[in-house]
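Source file: protein.cif; contents: mmCIF, C-alpha atoms.
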```cif
data_protein
loop_
_atom_site.label_atom_id
_atom_site.label_comp_id
_atom_site.auth_asym_id
_atom_site.auth_seq_id
_atom_site.Cartn_x
_atom_site.Cartn_y
_atom_site.Cartn_z
CA MET A 23 31.44 162.03 -65.39
CA SER A 24 30.01 165.55 -65.42
CA LYS A 25 32.06 168.54 -64.28
CA THR A 26 29.54 169.21 -61.49
CA LEU A 27 29.88 165.70 -60.11
CA ARG A 28 33.70 165.89 -60.25
CA LEU A 29 33.55 169.20 -58.40
CA CYS A 30 31.32 167.71 -55.68
CA ILE A 31 33.64 164.72 -55.26
CA ALA A 32 36.72 166.96 -55.17
CA LEU A 33 35.22 169.32 -52.57
CA SER A 34 34.00 166.41 -50.44
CA ILE A 35 37.57 166.04 -49.18
CA LEU A 36 36.98 169.10 -46.97
CA PRO A 37 34.09 167.68 -44.90
CA GLN A 38 35.94 164.36 -44.83
CA MET A 39 38.95 166.07 -43.25
CA LEU A 40 36.67 167.80 -40.76
CA ILE A 41 35.06 164.48 -39.78
CA ILE A 42 38.49 162.85 -39.37
CA ASN A 43 39.57 165.75 -37.17
CA ILE A 44 36.50 165.32 -34.96
CA LEU A 45 36.99 161.55 -34.74
CA SER A 46 40.67 161.97 -33.85
CA LYS A 47 39.55 163.81 -30.72
CA ASN A 48 37.07 161.07 -29.78
CA PRO A 49 38.98 157.77 -29.78
CA ALA A 50 36.25 156.04 -27.75
CA TRP A 51 33.84 156.55 -30.66
CA VAL A 52 36.35 155.18 -33.14
CA GLU A 53 37.03 152.20 -30.90
CA GLN A 54 33.40 151.30 -30.33
CA TYR A 55 31.82 151.99 -33.71
CA TYR A 56 34.69 151.45 -36.15
CA SER A 57 37.61 149.42 -34.77
CA GLU A 58 35.46 146.93 -32.85
CA ALA A 59 32.30 146.96 -35.01
CA LEU A 60 32.68 147.97 -38.67
CA TYR A 61 36.38 147.39 -39.34
CA PRO A 62 36.50 143.65 -38.42
CA LYS A 63 33.77 142.99 -40.99
CA ILE A 64 35.58 144.95 -43.69
CA SER A 65 39.00 143.42 -43.01
CA ASN A 66 37.70 139.85 -42.77
CA ALA A 67 35.80 140.30 -46.04
CA LEU A 68 38.89 141.66 -47.81
CA ARG A 69 41.08 138.81 -46.57
CA PHE A 70 38.39 136.30 -47.54
CA LEU A 71 38.23 137.78 -51.04
CA TYR A 72 41.96 138.13 -51.69
CA GLY A 73 43.73 135.89 -49.20
CA TRP A 74 43.50 132.78 -51.37
CA ILE A 75 45.34 134.43 -54.28
CA PRO A 76 48.94 133.12 -54.15
CA PHE A 77 50.54 136.44 -55.11
CA SER A 78 50.19 140.00 -53.89
CA LEU A 79 47.19 141.52 -55.64
CA GLY A 80 47.77 144.80 -53.80
CA ASP A 81 51.30 145.16 -55.18
CA LEU A 82 50.02 144.58 -58.72
CA LEU A 83 47.24 147.09 -58.13
CA TYR A 84 49.70 149.76 -57.01
CA VAL A 85 51.99 149.23 -59.98
CA THR A 86 49.11 149.14 -62.46
CA VAL A 87 47.53 152.36 -61.15
CA ILE A 88 50.83 154.24 -60.90
CA GLY A 89 51.99 152.99 -64.30
CA TYR A 90 48.70 153.86 -65.98
CA GLY A 91 48.67 157.28 -64.31
CA LEU A 92 52.17 158.09 -65.57
CA TRP A 93 51.37 156.83 -69.07
CA TRP A 94 48.11 158.79 -69.23
CA GLY A 95 49.75 161.92 -67.84
CA ILE A 96 52.58 161.87 -70.39
CA LYS A 97 50.19 161.12 -73.25
CA ASN A 98 47.86 163.97 -72.29
CA LEU A 99 50.46 166.43 -71.02
CA LYS A 100 49.65 169.16 -73.55
CA LYS A 101 45.93 168.89 -72.84
CA LEU A 102 46.56 169.01 -69.09
CA LEU A 103 48.64 172.17 -69.43
CA LYS A 104 45.96 173.85 -71.55
CA THR A 105 43.21 173.13 -68.98
CA PRO A 106 44.97 173.47 -65.58
CA VAL A 107 41.75 174.06 -63.62
CA GLN A 108 40.12 170.92 -64.96
CA SER A 109 43.33 168.94 -64.36
CA ILE A 110 43.51 170.08 -60.74
CA LEU A 111 39.83 169.22 -60.32
CA ASN A 112 40.43 165.71 -61.64
CA LEU A 113 43.40 165.20 -59.33
CA LEU A 114 41.41 166.43 -56.32
CA SER A 115 38.57 164.06 -57.24
CA VAL A 116 40.93 161.09 -57.28
CA ALA A 117 42.57 162.23 -54.01
CA SER A 118 39.15 162.61 -52.37
CA VAL A 119 38.08 159.09 -53.34
CA LEU A 120 41.37 157.56 -52.17
CA TYR A 121 41.18 159.52 -48.91
CA PHE A 122 37.70 158.10 -48.27
CA ILE A 123 38.64 154.51 -49.16
CA PHE A 124 41.84 154.60 -47.07
CA HIS A 125 40.04 155.69 -43.92
CA LEU A 126 37.04 153.44 -44.44
CA PHE A 127 39.09 150.31 -45.14
CA TRP A 128 41.76 150.82 -42.45
CA GLY A 129 43.01 154.34 -41.69
CA LEU A 130 40.52 155.20 -38.95
CA ASN A 131 42.34 152.70 -36.73
CA TYR A 132 45.02 155.36 -36.23
CA TYR A 133 42.53 157.19 -33.99
CA ARG A 134 41.32 154.32 -31.81
CA LEU A 135 41.94 154.04 -28.06
CA PRO A 136 45.60 153.42 -27.14
CA LEU A 137 46.31 149.75 -26.51
CA HIS A 138 47.86 150.39 -23.10
CA GLN A 139 44.51 151.71 -21.88
CA LYS A 140 42.66 148.61 -23.07
CA GLN A 141 45.30 146.33 -21.57
CA HIS A 142 45.63 148.39 -18.38
CA LEU A 143 49.38 148.77 -18.85
CA ASN A 144 51.54 151.64 -17.69
CA PRO A 145 53.85 152.61 -20.59
CA ILE A 146 55.86 154.98 -18.40
CA TYR A 147 58.78 153.21 -16.77
CA THR A 148 61.85 153.87 -14.65
CA THR A 149 65.38 152.74 -15.45
CA ALA A 150 65.13 150.18 -12.66
CA GLN A 151 62.01 148.70 -14.23
CA LEU A 152 63.68 148.66 -17.66
CA LEU A 153 66.69 146.82 -16.23
CA ARG A 154 64.52 144.29 -14.43
CA THR A 155 62.53 143.57 -17.60
CA THR A 156 65.68 143.31 -19.73
CA GLU A 157 67.24 140.85 -17.31
CA GLN A 158 64.14 138.67 -17.46
CA ILE A 159 64.09 138.81 -21.27
CA ILE A 160 67.79 137.86 -21.41
CA GLU A 161 67.13 134.86 -19.17
CA THR A 162 64.25 133.64 -21.33
CA SER A 163 66.05 134.37 -24.61
CA ASN A 164 69.11 132.42 -23.46
CA ALA A 165 66.98 129.47 -22.37
CA VAL A 166 65.01 129.28 -25.64
CA HIS A 167 68.19 129.78 -27.67
CA LEU A 168 70.00 126.98 -25.86
CA LYS A 169 67.00 124.68 -26.29
CA LEU A 170 67.02 125.25 -30.05
CA ALA A 171 70.73 125.54 -30.81
CA GLN A 172 72.05 123.09 -28.18
CA ASP A 173 75.17 125.30 -27.93
CA SER A 174 75.39 128.79 -26.42
CA SER A 175 77.69 129.93 -29.25
CA ALA A 176 75.65 128.47 -32.13
CA VAL A 177 73.18 130.46 -34.23
CA VAL A 178 69.54 129.34 -34.34
CA GLN A 179 68.42 128.28 -37.82
CA VAL A 180 64.66 128.53 -38.45
CA PRO A 181 63.71 125.41 -40.46
CA TYR A 182 60.34 126.58 -41.84
CA ASN A 183 59.42 127.96 -45.24
CA PHE A 184 57.20 131.03 -45.65
CA ASP A 185 53.92 129.12 -45.85
CA GLU A 186 54.75 127.18 -42.68
CA LEU A 187 55.74 130.37 -40.88
CA SER A 188 52.49 132.03 -41.96
CA GLU A 189 50.45 129.12 -40.66
CA LEU A 190 52.28 129.08 -37.33
CA ALA A 191 51.84 132.83 -36.96
CA ALA A 192 48.09 132.50 -37.49
CA LYS A 193 48.00 129.71 -34.88
CA GLY A 194 49.84 132.03 -32.52
CA TYR A 195 46.94 134.44 -32.81
CA GLU A 196 44.53 131.59 -32.12
CA ASN A 197 46.40 130.86 -28.88
CA SER A 198 46.45 134.52 -27.88
CA ALA A 199 42.74 134.93 -28.64
CA LYS A 200 41.95 132.38 -25.93
CA THR A 201 42.99 134.93 -23.32
CA GLN A 202 43.08 138.16 -25.35
CA LEU A 203 39.90 138.37 -27.44
CA ILE A 204 41.07 141.66 -28.94
CA PHE A 205 43.75 139.70 -30.84
CA GLU A 206 41.33 137.44 -32.72
CA TYR A 207 42.53 136.83 -36.28
CA LYS A 208 40.55 135.15 -39.07
CA ASN A 209 41.03 134.53 -42.79
CA PRO A 210 44.85 134.71 -42.90
CA SER A 211 46.37 136.62 -45.82
CA GLN A 212 50.17 136.90 -45.69
CA LYS A 213 52.22 137.12 -48.85
CA TYR A 214 55.69 137.95 -50.03
CA ALA A 215 55.86 141.49 -51.37
CA LEU A 216 56.45 141.32 -55.12
CA TRP A 217 58.71 144.34 -54.87
CA SER A 218 60.75 143.15 -51.90
CA THR A 219 64.09 144.39 -53.18
CA PRO A 220 62.93 148.02 -53.55
CA LEU A 221 61.37 147.70 -50.09
CA ALA A 222 64.72 146.49 -48.72
CA TYR A 223 66.50 149.52 -50.20
CA MET A 224 63.87 151.75 -48.62
CA GLY A 225 64.53 150.03 -45.27
CA PHE A 226 61.18 148.28 -44.75
CA SER A 227 60.61 144.66 -43.70
CA GLY A 228 56.95 144.65 -44.67
CA TYR A 229 53.74 146.63 -44.87
CA LEU A 230 49.97 146.27 -44.86
CA ASN A 231 48.07 147.07 -48.05
CA PRO A 232 45.00 148.94 -46.76
CA LEU A 233 43.08 148.40 -50.01
CA THR A 234 43.26 144.58 -49.95
CA ASN A 235 44.23 143.91 -46.31
CA GLU A 236 47.11 141.71 -47.47
CA ALA A 237 50.13 141.49 -45.15
CA GLN A 238 53.10 142.11 -47.44
CA VAL A 239 56.36 140.66 -46.11
CA ASN A 240 59.80 141.44 -47.54
CA TRP A 241 61.41 138.15 -48.58
CA HIS A 242 64.85 139.61 -47.75
CA ASN A 243 63.97 139.52 -44.05
CA PRO A 244 66.41 137.48 -41.94
CA LYS A 245 64.73 134.13 -41.31
CA ASN A 246 64.98 134.57 -37.54
CA SER A 247 63.10 137.88 -37.79
CA MET A 248 60.38 136.57 -40.08
CA PRO A 249 58.02 135.25 -37.34
CA LEU A 250 57.96 138.65 -35.64
CA THR A 251 57.50 140.49 -38.95
CA LEU A 252 54.54 138.27 -39.84
CA ALA A 253 52.94 138.77 -36.42
CA HIS A 254 53.55 142.54 -36.66
CA GLU A 255 51.82 142.84 -40.04
CA GLN A 256 48.97 140.62 -38.83
CA ALA A 257 48.49 143.01 -35.92
CA HIS A 258 47.97 145.75 -38.49
CA GLN A 259 45.46 143.50 -40.26
CA ILE A 260 43.31 143.16 -37.13
CA GLY A 261 43.23 146.92 -36.74
CA TYR A 262 46.20 148.07 -34.67
CA ALA A 263 47.66 150.85 -36.78
CA ALA A 264 50.19 152.32 -34.33
CA GLU A 265 53.63 150.84 -34.97
CA ASN A 266 54.54 150.45 -31.31
CA GLU A 267 51.28 148.58 -30.69
CA ALA A 268 51.80 146.30 -33.71
CA ASN A 269 55.31 145.59 -32.43
CA PHE A 270 53.98 144.77 -28.97
CA ILE A 271 51.23 142.48 -30.26
CA GLY A 272 53.78 140.81 -32.53
CA PHE A 273 55.96 140.18 -29.49
CA LEU A 274 53.06 138.77 -27.44
CA VAL A 275 51.91 136.46 -30.23
CA CYS A 276 55.44 135.12 -30.76
CA ALA A 277 56.28 134.87 -27.05
CA ASN A 278 53.08 132.93 -26.36
CA ASN A 279 53.34 130.72 -29.44
CA THR A 280 53.67 126.99 -28.83
CA ASP A 281 56.57 126.92 -31.33
CA ASP A 282 59.99 127.66 -29.81
CA PHE A 283 61.30 129.30 -32.99
CA PHE A 284 58.53 131.87 -32.67
CA LYS A 285 59.35 132.33 -28.99
CA TYR A 286 62.98 132.92 -29.95
CA SER A 287 62.03 135.49 -32.58
CA GLY A 288 59.71 137.31 -30.18
CA TYR A 289 62.04 137.42 -27.19
CA THR A 290 65.13 138.39 -29.18
CA PHE A 291 63.08 141.16 -30.81
CA ALA A 292 62.15 142.50 -27.38
CA LEU A 293 65.76 142.06 -26.24
CA ARG A 294 67.17 144.24 -29.03
CA TYR A 295 64.74 147.07 -28.32
CA CYS A 296 65.23 146.93 -24.55
CA LEU A 297 69.01 146.79 -24.86
CA SER A 298 68.94 149.81 -27.12
CA GLU A 299 66.97 151.73 -24.52
CA VAL A 300 69.33 150.62 -21.74
CA TYR A 301 72.27 151.88 -23.82
CA LYS A 302 70.65 155.33 -24.03
CA ARG A 303 70.20 155.48 -20.26
CA ASP A 304 73.19 153.67 -18.77
CA GLN A 305 76.04 152.44 -20.98
CA LYS A 306 77.80 150.65 -18.12
CA LYS A 307 74.69 148.62 -17.35
CA TYR A 308 74.33 147.95 -21.07
CA ILE A 309 77.83 146.41 -21.24
CA LYS A 310 77.16 144.21 -18.22
CA LEU A 311 73.83 143.01 -19.56
CA LYS A 312 75.29 142.28 -22.99
CA GLU A 313 77.93 140.05 -21.37
CA ARG A 314 75.12 137.83 -20.03
CA ILE A 315 73.64 137.13 -23.47
CA ASN A 316 74.49 133.85 -25.20
CA GLU A 317 77.17 134.36 -27.84
CA GLY A 318 74.99 132.70 -30.47
CA ILE A 319 72.30 135.36 -29.99
CA LEU A 320 74.83 138.16 -30.41
CA ILE A 321 76.19 136.54 -33.57
CA ASP A 322 72.61 136.27 -34.84
CA PHE A 323 72.08 140.00 -34.18
CA GLU A 324 75.22 140.83 -36.15
CA LYS A 325 74.14 138.62 -39.06
CA ARG A 326 70.78 140.38 -39.19
CA ARG A 327 72.46 143.79 -39.12
CA ALA A 328 74.88 142.78 -41.88
CA LEU A 329 72.06 141.50 -44.07
CA TRP A 330 70.20 144.81 -43.93
CA ALA A 331 73.46 146.75 -44.35
CA GLN A 332 73.68 145.38 -47.91
CA TYR A 333 70.75 147.59 -48.82
CA ASN A 334 71.99 150.84 -47.28
CA ASN A 335 71.80 153.66 -49.80
CA PRO A 336 71.71 157.48 -49.82
CA LEU A 337 67.96 157.58 -50.51
CA GLU A 338 66.90 155.41 -47.54
CA PRO A 339 66.75 158.39 -45.12
CA LEU A 340 64.49 160.19 -47.61
CA PHE A 341 62.07 157.25 -47.84
CA LYS A 342 61.98 156.91 -44.06
CA SER A 343 61.46 160.66 -43.66
CA ILE A 344 58.45 160.50 -45.99
CA TYR A 345 57.01 157.55 -44.05
CA SER A 346 57.76 159.27 -40.75
CA ASN A 347 55.77 162.31 -41.86
CA PHE A 348 52.95 160.03 -42.99
CA LEU A 349 52.82 158.54 -39.48
CA LYS A 350 52.85 162.00 -37.90
CA VAL A 351 49.90 163.07 -40.06
CA ASN A 352 48.09 159.95 -38.83
CA ALA A 353 48.28 160.64 -35.10
CA GLN A 354 51.73 159.13 -34.39
CA ASP A 355 53.53 162.23 -33.17
CA LYS A 356 56.95 160.59 -32.99
CA GLY A 357 56.82 159.40 -36.59
CA ILE A 358 59.07 156.47 -37.38
CA GLU A 359 60.55 156.70 -33.88
CA SER A 360 57.23 155.35 -32.60
CA TYR A 361 58.45 151.82 -33.43
CA SER A 362 60.82 151.98 -30.45
CA TYR A 363 58.06 153.08 -28.08
CA VAL A 364 57.19 149.40 -27.87
CA VAL A 365 59.62 149.27 -24.94
CA GLY A 366 57.09 151.08 -22.74
CA LEU A 367 54.45 148.46 -23.51
CA ILE A 368 56.88 145.57 -23.01
CA VAL A 369 58.09 146.90 -19.66
CA GLY A 370 54.51 147.63 -18.60
CA TYR A 371 53.54 144.07 -19.53
CA PHE A 372 56.38 142.48 -17.54
CA GLU A 373 55.83 144.79 -14.57
CA ALA A 374 52.18 143.73 -14.49
CA GLN A 375 53.35 140.10 -14.10
CA PHE A 376 55.35 140.84 -10.96
#
```
Once more with this new file: its structure as structure tokens, please.
Amino acid sequence: MSKTLRLCIALSILPQMLIINILSKNPAWVEQYYSEALYPKISNALRFLYGWIPFSLGDLLYVTVIGYGLWWGIKNLKKLLKTPVQSILNLLSVASVLYFIFHLFWGLNYYRLPLHQKQHLNPIYTTAQLLRTTEQIIETSNAVHLKLAQDSSAVVQVPYNFDELSELAAKGYENSAKTQLIFEYKNPSQKYALWSTPLAYMGFSGYLNPLTNEAQVNWHNPKNSMPLTLAHEQAHQIGYAAENEANFIGFLVCANNTDDFFKYSGYTFALRYCLSEVYKRDQKKYIKLKERINEGILIDFEKRRALWAQYNNPLEPLFKSIYSNFLKVNAQDKGIESYSYVVGLIVGYFEAQF
């Protein structure tokens, strides 16, 4: 590749950033021309191409590229130091290409219309509305739990393997698409992350590979959380980049699934987030609400917490800080805290039912 061409590619990152800035201020454009028109074609094609592969191609791609880059850099270190301008130019060229591919294949979804506008939900809620929603979620969670466990103090045991869970999650989207066309999901592609243990130590239950559109799920996930994690990552696959929106869609898909284990996963997910918000606002109400929850559900929550606690390490806050800053750069002002903003969507959804 000629030096002139490398320079043009490297400098192209500037107009790209300008275009992204303009699009970020016009979410209706992104929604109409990218998220609802171009992106579905790209994502469906990627899942069609790579979904049939039984292992995570995206994980292998990452490791191969990073490994080769480190090997090449060490091997050519002296040359790189002698020609710093050329080295910087090469790095900028690579960054420019990756920046373009990331936004074309998935990243522009960060700038689409907020889901609450499309669903006509009010994400702003009062404490009274939060309490009313939490009470309803407790009632449903207890009922589904008792149906599955047959004992209020027993812990629900999900009987499915990963492939069965993946299939049921995809069917959940089929059910949701009958009433919510924006949740249509084709060409399923969910896989265990090959590097699940490092992900666990970083504190992540899964992620979407934007280059292959594979939903990568951490195999260390508690089994009772797995349905929600799958539905969450699938929400990213269909173009909902915001974490709170992916959480909300994951909840809806699980709650409306015909399978009771998925219902349990969805409602107990919503319960944990709502309870946490109640605790921040009124600890006395939190204690009273917690007393109404089946003992088996509370034991399940503790088992899930204990499982993740095994992977606590001093570097986890650093990894989450890096990811939080990544989210902030991509239009999620609250960073990693945006996950918990799902409560506003959940409360808005339940309030709309009343």
Taking 5 positions as the minimum chain separation for residues in the same chain, which residues sit within 8 Å of region 41-56 of chain A when counting all atoms listed in the file? Answer as a tab-separated table (two decimals) with C-alpha atoms, keeping the file's coordinate frame.
```tsv
chain	number	residue	atom	x	y	z
A	61	TYR	CA	36.38	147.39	-39.34
A	130	LEU	CA	40.52	155.20	-38.95
A	131	ASN	CA	42.34	152.70	-36.73
A	133	TYR	CA	42.53	157.19	-33.99
A	134	ARG	CA	41.32	154.32	-31.81
A	135	LEU	CA	41.94	154.04	-28.06
A	353	ALA	CA	48.28	160.64	-35.10
```
Got a sec: who's within 10 Å of Ile309 (chain A), counting only C-alpha atoms, leaving out chain neighbours fewer than 5 positions off, as a PyMOL selection string?
chain A and resi 297+300-301+304+314
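With distances restricted to all atoms listed in the file, A:Arg294 is the closest residue to Glu324 (chain A) from A:Arg294, A:Leu83, A:Ser109, A:Thr251.
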Which of these, A:Pro136, A:Gly89, A:Pro181, A:Pro336, has the shortest distance to Lys245 (chain A) once you count only C-alpha atoms?
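Among the listed residues, the smallest separation from Lys245 (chain A) belongs to A:Pro181.
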Using all atoms listed in the file, which residues sit within 10 Å of region 70-74 of chain A once same-chain residues fewer than 5 positions away are excluded, as a VMD selection string?
chain A and resid 64 to 65 79 to 80 208 to 213 234 to 237
Kindly indicate which residue among A:Leu367, A:Val239, A:Cys276, A:Ile35 lies nearest to Phe226 (chain A), using only C-alpha atoms for the distances.
A:Val239
Find the spatial neighbours of region 143-153 of chain A, counting all atoms listed in the file, within a cut-off of 6 Å - ignore same-chain residues fewer than 3 positions away - and output them as a list in words.
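After dropping sequence-adjacent residues, the list is His138, Thr156, Gly366, Leu367 and Gly370 of chain A.
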Counting all atoms listed in the file, the option among A:Leu82, A:Ala374, A:Ala277, A:Val107 closest to Asn231 (chain A):
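The answer is A:Leu82, which sits nearest to Asn231 (chain A).
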Which is closest to Arg28 (chain A) among A:Leu111, A:Ala67, A:Pro76, A:Pro244, if we use only C-alpha atoms?
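The closest residue to Arg28 (chain A) is A:Leu111.
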Rounded to one decimal, what separation in Å do you get between CA of Phe291 (chain A) and CA of Gly261 (chain A)?
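Separation of CA of Phe291 (chain A) and CA of Gly261 (chain A): 21.5 Å.
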Report as a PyMOL selection string all protein, DNA and RNA residues lying within 10 Å of region 170-176 of chain A, evaluated on all atoms listed in the file, omitting residues in the same chain fewer than 4 positions from it.
chain A and resi 164-166+180+282-283+286+315-322
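The nearest approach to Ala268 (chain A) among the residues A:Val177, A:Ile368, A:Ser34, A:Leu92, with only C-alpha atoms taken into account, belongs to A:Ile368.
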Give as a PyMOL selection string each residue that has an atom at most 12 Å from (35.6, 167.5, -56.2) in the file, counting all atoms listed in the file.
chain A and resi 23-38+107-119
Using the chain letters and numbering of this document, enumerate as an MDAnalysis selection string the residues selected by the PyMOL selection byres ((chain A and resi 252) around 10).
chainID A and resid 184 187:188 190:192 212:213 227:229 237:240 247:251 253:257 272 276
Around all the atoms of region 147-157 of chain A listed in the file, with 4 Å of room on each side, what axis-aligned box do you get, giving centre and edge lengths in Å to one decimal, as lines of an AutoDock Vina configuration file?
```
center_x = 63.0
center_y = 147.4
center_z = -16.2
size_x = 16.5
size_y = 21.0
size_z = 15.1
```
Two-atom distance - CA of Ile88 (chain A), CA of Ala215 (chain A) (Å):
16.7 Å
